[in-house]
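With TSV, C-alpha atoms inside, this is work-v5.tsv:
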```tsv
chain	number	residue	atom	x	y	z
A	1	MET	CA	19.96	2.44	-2.72
A	2	ALA	CA	16.50	3.68	-1.81
A	3	SER	CA	13.52	1.74	-3.13
A	4	LYS	CA	9.78	1.77	-2.71
A	5	PHE	CA	8.55	-1.13	-0.57
A	6	THR	CA	5.16	-2.70	-1.30
A	7	ILE	CA	3.46	-4.89	1.31
A	8	HIS	CA	0.53	-7.12	0.43
A	9	VAL	CA	-1.48	-9.06	3.05
A	10	LYS	CA	-4.24	-11.50	2.10
A	11	SER	CA	-6.03	-14.66	3.18
A	12	SER	CA	-8.60	-17.00	1.69
A	13	TYR	CA	-9.82	-18.10	5.13
A	14	GLU	CA	-13.61	-18.52	4.96
A	15	GLU	CA	-14.22	-16.87	8.35
A	16	LEU	CA	-11.81	-13.95	7.97
A	17	TRP	CA	-14.81	-11.73	8.82
A	18	ARG	CA	-14.13	-12.64	12.47
A	19	TYR	CA	-10.89	-10.58	12.32
A	20	ASN	CA	-9.85	-6.98	11.86
A	21	LEU	CA	-6.62	-6.50	9.90
A	22	SER	CA	-4.14	-3.70	10.41
A	23	LEU	CA	-0.83	-2.98	8.67
A	24	MET	CA	1.66	-0.27	9.70
A	25	CYS	CA	5.04	0.48	8.18
A	26	GLY	CA	7.86	2.89	8.88
A	27	GLY	CA	10.44	3.63	6.19
A	28	PHE	CA	14.02	4.50	7.17
A	29	ASN	CA	16.98	6.14	5.47
A	30	SER	CA	20.60	4.90	5.61
A	31	LYS	CA	21.08	6.71	8.96
A	32	ALA	CA	18.16	4.73	10.49
A	33	GLU	CA	16.03	7.90	10.63
A	34	ARG	CA	12.34	7.39	9.95
A	35	ILE	CA	11.40	9.23	6.77
A	36	ASP	CA	8.00	7.67	6.03
A	37	PHE	CA	5.04	6.11	7.82
A	38	VAL	CA	2.06	4.48	6.10
A	39	LYS	CA	-0.80	2.31	7.30
A	40	ALA	CA	-3.78	0.37	6.02
A	41	GLU	CA	-6.70	-1.21	7.85
A	42	SER	CA	-9.60	-3.53	7.14
A	43	PHE	CA	-12.10	-3.14	9.96
A	44	VAL	CA	-15.15	-5.43	10.30
A	45	ALA	CA	-16.40	-5.03	13.89
A	46	GLU	CA	-15.43	-3.90	17.37
A	47	VAL	CA	-13.43	-6.39	19.45
A	48	GLY	CA	-15.91	-8.52	21.39
A	49	ALA	CA	-18.69	-8.04	18.82
A	50	ASN	CA	-19.48	-11.78	18.91
A	51	LEU	CA	-21.00	-11.78	15.43
A	52	ARG	CA	-23.00	-14.84	14.36
A	53	SER	CA	-22.09	-14.44	10.69
A	54	ALA	CA	-20.36	-12.04	8.32
A	55	PRO	CA	-21.98	-8.59	8.45
A	56	GLU	CA	-24.19	-7.46	5.59
A	57	GLY	CA	-22.14	-6.13	2.69
A	58	TYR	CA	-19.01	-8.01	3.78
A	59	SER	CA	-16.68	-8.88	0.89
A	60	SER	CA	-14.68	-12.10	1.22
A	61	LYS	CA	-12.02	-10.59	-1.09
A	62	ARG	CA	-10.23	-8.79	1.75
A	63	GLU	CA	-6.63	-7.81	1.44
A	64	LEU	CA	-4.37	-4.98	2.52
A	65	LYS	CA	-1.76	-3.31	0.38
A	66	LEU	CA	0.47	-0.31	0.96
A	67	GLN	CA	3.54	1.27	-0.55
A	68	THR	CA	6.25	3.41	1.03
A	69	GLN	CA	8.15	6.31	-0.40
A	70	PRO	CA	11.70	5.41	-1.49
A	71	CYS	CA	13.67	4.33	1.58
A	72	GLU	CA	16.54	2.01	2.57
A	73	SER	CA	14.71	-0.26	5.03
A	74	ILE	CA	11.37	-0.81	6.72
A	75	VAL	CA	9.90	-1.97	9.98
A	76	ALA	CA	6.34	-3.19	9.50
A	77	TYR	CA	3.69	-4.74	11.71
A	78	VAL	CA	0.76	-6.88	10.59
A	79	TYR	CA	-1.98	-7.33	13.18
A	80	VAL	CA	-4.75	-9.94	12.90
A	81	ILE	CA	-7.19	-9.05	15.69
A	82	PRO	CA	-10.19	-11.24	16.52
A	83	ASN	CA	-13.48	-9.38	16.85
A	84	THR	CA	-15.45	-12.63	17.26
A	85	LEU	CA	-14.03	-15.80	18.82
A	86	PRO	CA	-14.68	-19.28	17.36
A	87	ARG	CA	-17.98	-20.94	18.26
A	88	ASP	CA	-16.24	-24.24	18.99
A	89	ARG	CA	-14.84	-24.38	22.50
A	90	ASP	CA	-12.44	-27.25	21.80
A	91	VAL	CA	-9.06	-25.90	20.71
A	92	ALA	CA	-8.46	-29.05	18.61
A	93	ASP	CA	-11.46	-28.07	16.43
A	94	CYS	CA	-10.03	-24.60	15.74
A	95	LYS	CA	-7.03	-25.19	13.51
A	96	PRO	CA	-4.83	-22.21	12.62
A	97	PHE	CA	-5.53	-20.47	9.31
A	98	GLU	CA	-3.08	-18.85	6.90
A	99	VAL	CA	-2.38	-15.22	6.13
A	100	SER	CA	0.01	-14.51	3.28
A	101	VAL	CA	2.45	-11.61	3.66
A	102	LYS	CA	4.46	-10.54	0.62
A	103	VAL	CA	6.97	-7.67	0.50
A	104	GLN	CA	8.59	-6.26	-2.60
A	105	MET	CA	11.56	-3.90	-2.63
A	106	GLY	CA	11.20	-2.22	-5.99
A	107	SER	CA	10.35	-5.10	-8.33
A	108	GLU	CA	12.16	-7.76	-6.26
A	109	THR	CA	10.19	-9.98	-3.86
A	110	ILE	CA	12.21	-10.07	-0.63
A	111	TYR	CA	9.65	-11.71	1.66
A	112	ASN	CA	6.82	-14.12	0.82
A	113	ILE	CA	5.60	-16.16	3.79
A	114	LYS	CA	2.30	-17.77	4.78
A	115	HIS	CA	1.84	-17.24	8.51
A	116	LYS	CA	-0.27	-19.59	10.65
A	117	ILE	CA	-2.80	-17.61	12.69
A	118	ASN	CA	-4.26	-18.88	15.95
A	119	GLN	CA	-8.05	-18.50	15.79
A	120	TRP	CA	-8.26	-17.47	19.45
A	121	SER	CA	-5.47	-14.94	19.75
A	122	GLY	CA	-4.89	-13.65	16.21
A	123	ALA	CA	-1.33	-12.50	15.53
A	124	SER	CA	1.24	-9.73	15.60
A	125	ILE	CA	3.82	-10.12	12.86
A	126	GLU	CA	6.94	-7.93	12.84
A	127	LEU	CA	8.99	-7.43	9.68
A	128	LYS	CA	12.41	-5.75	9.59
A	129	LEU	CA	13.54	-5.66	5.97
A	130	PRO	CA	15.76	-6.06	4.17
A	131	ALA	CA	17.28	-8.61	6.51
A	132	ALA	CA	20.85	-7.90	7.63
A	133	LYS	CA	23.44	-9.69	5.48
```

Once more with this new file: its structure as structure tokens, please.
Amino acid sequence: MASKFTIHVKSSYEELWRYNLSLMCGGFNSKAERIDFVKAESFVAEVGANLRSAPEGYSSKRELKLQTQPCESIVAYVYVIPNTLPRDRDVADCKPFEVSVKVQMGSETIYNIKHKINQWSGASIELKLPAAK
């Protein structure tokens, strides 16, 4: 049965301003044909910007949210892309931070995971939902 999928990405990491966030999602019918494509982005600075602090006007309440049209399944990608690398050069001083990814199919939560994000490389998270039974 086709349902709307809602994806919500958020983090309370204090230095999230050092990262651009991107979310893309394809919706598929029962024949595995793509019938929808939606995306959301939270852009702070160009990659390599080497910012010293959060840019003026930056809001620490960053999150991404999108919703598909009714579909049977989705393939989604969450990208956490560093625009400014950590100041510390010792990897041990740069612990991973968390990004929460929650997916609802209709009103049912089918995915709710906190992903650990490497401060140096960011992350690419692939979601194929609902998971095969």

Practice problem: Within 8 Å of Lys4 in chain A, counting only C-alpha atoms, which residues show up once you throw out same-chain ones fewer than 4 positions away? Write them as a count of residues only, please. | Solution: 7

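For the choices A:Val91, A:Val99, A:Ala45, A:Leu129, the atom-to-atom distance to Ala76 in chain A is smallest for A:Leu129 when using all atoms listed in the file.
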
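The spacing separating CA of Pro96 in chain A from CA of Ile117 in chain A amounts to 5.0 Å.
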
Exercise. Quick one: pull the distance between CA of Ile74 in chain A and CA of Asn29 in chain A, Å, one decimal.
Key: 9.0 Å

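Put simply, CA of Trp17 in chain A is 5.6 Å away from CA of Ala54 in chain A.
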
Quiz item: Which residues come within 9 Å of Ala40 in chain A, counting all atoms listed in the file, excluding same-chain residues fewer than 6 positions away, as a PyMOL selection string?
Solution: chain A and resi 21-24+64-66

Self-check item: Distance criterion (only C-alpha atoms): nearest to Lys102 in chain A out of A:Val47, A:Ile7, A:Leu127, A:Ile35
Solution: A:Ile7

Quiz item: Excluding same-chain residues fewer than 6 positions from Gly48 in chain A, what lies within 9 Å of it counting all atoms listed in the file, as a list in words?
Solution: Pro82, Asn83, Thr84 and Leu85 of chain A

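Checking A:Lys95, A:Arg18, A:Arg87, A:His8 one by one against Tyr111 in chain A, counting all atoms listed in the file, you find the shortest gap at A:His8.
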
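The smallest atom-to-atom distance between Val75 in chain A and any of A:Phe43, A:Tyr13, A:Phe97, A:Phe37, using only C-alpha atoms, is found for A:Phe37.
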
Exercise. Give the answer as one residue: which of A:Asp93, A:Ala32, A:Ser73, A:Ile81 has the shortest atom-to-atom distance to Ile110 in chain A, using only C-alpha atoms?
Key: A:Ser73

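Candidate residues A:Gly27, A:Tyr19, A:Arg34, A:Tyr58 were compared for distance to Trp120 in chain A, and the nearest is A:Tyr19, using only C-alpha atoms.
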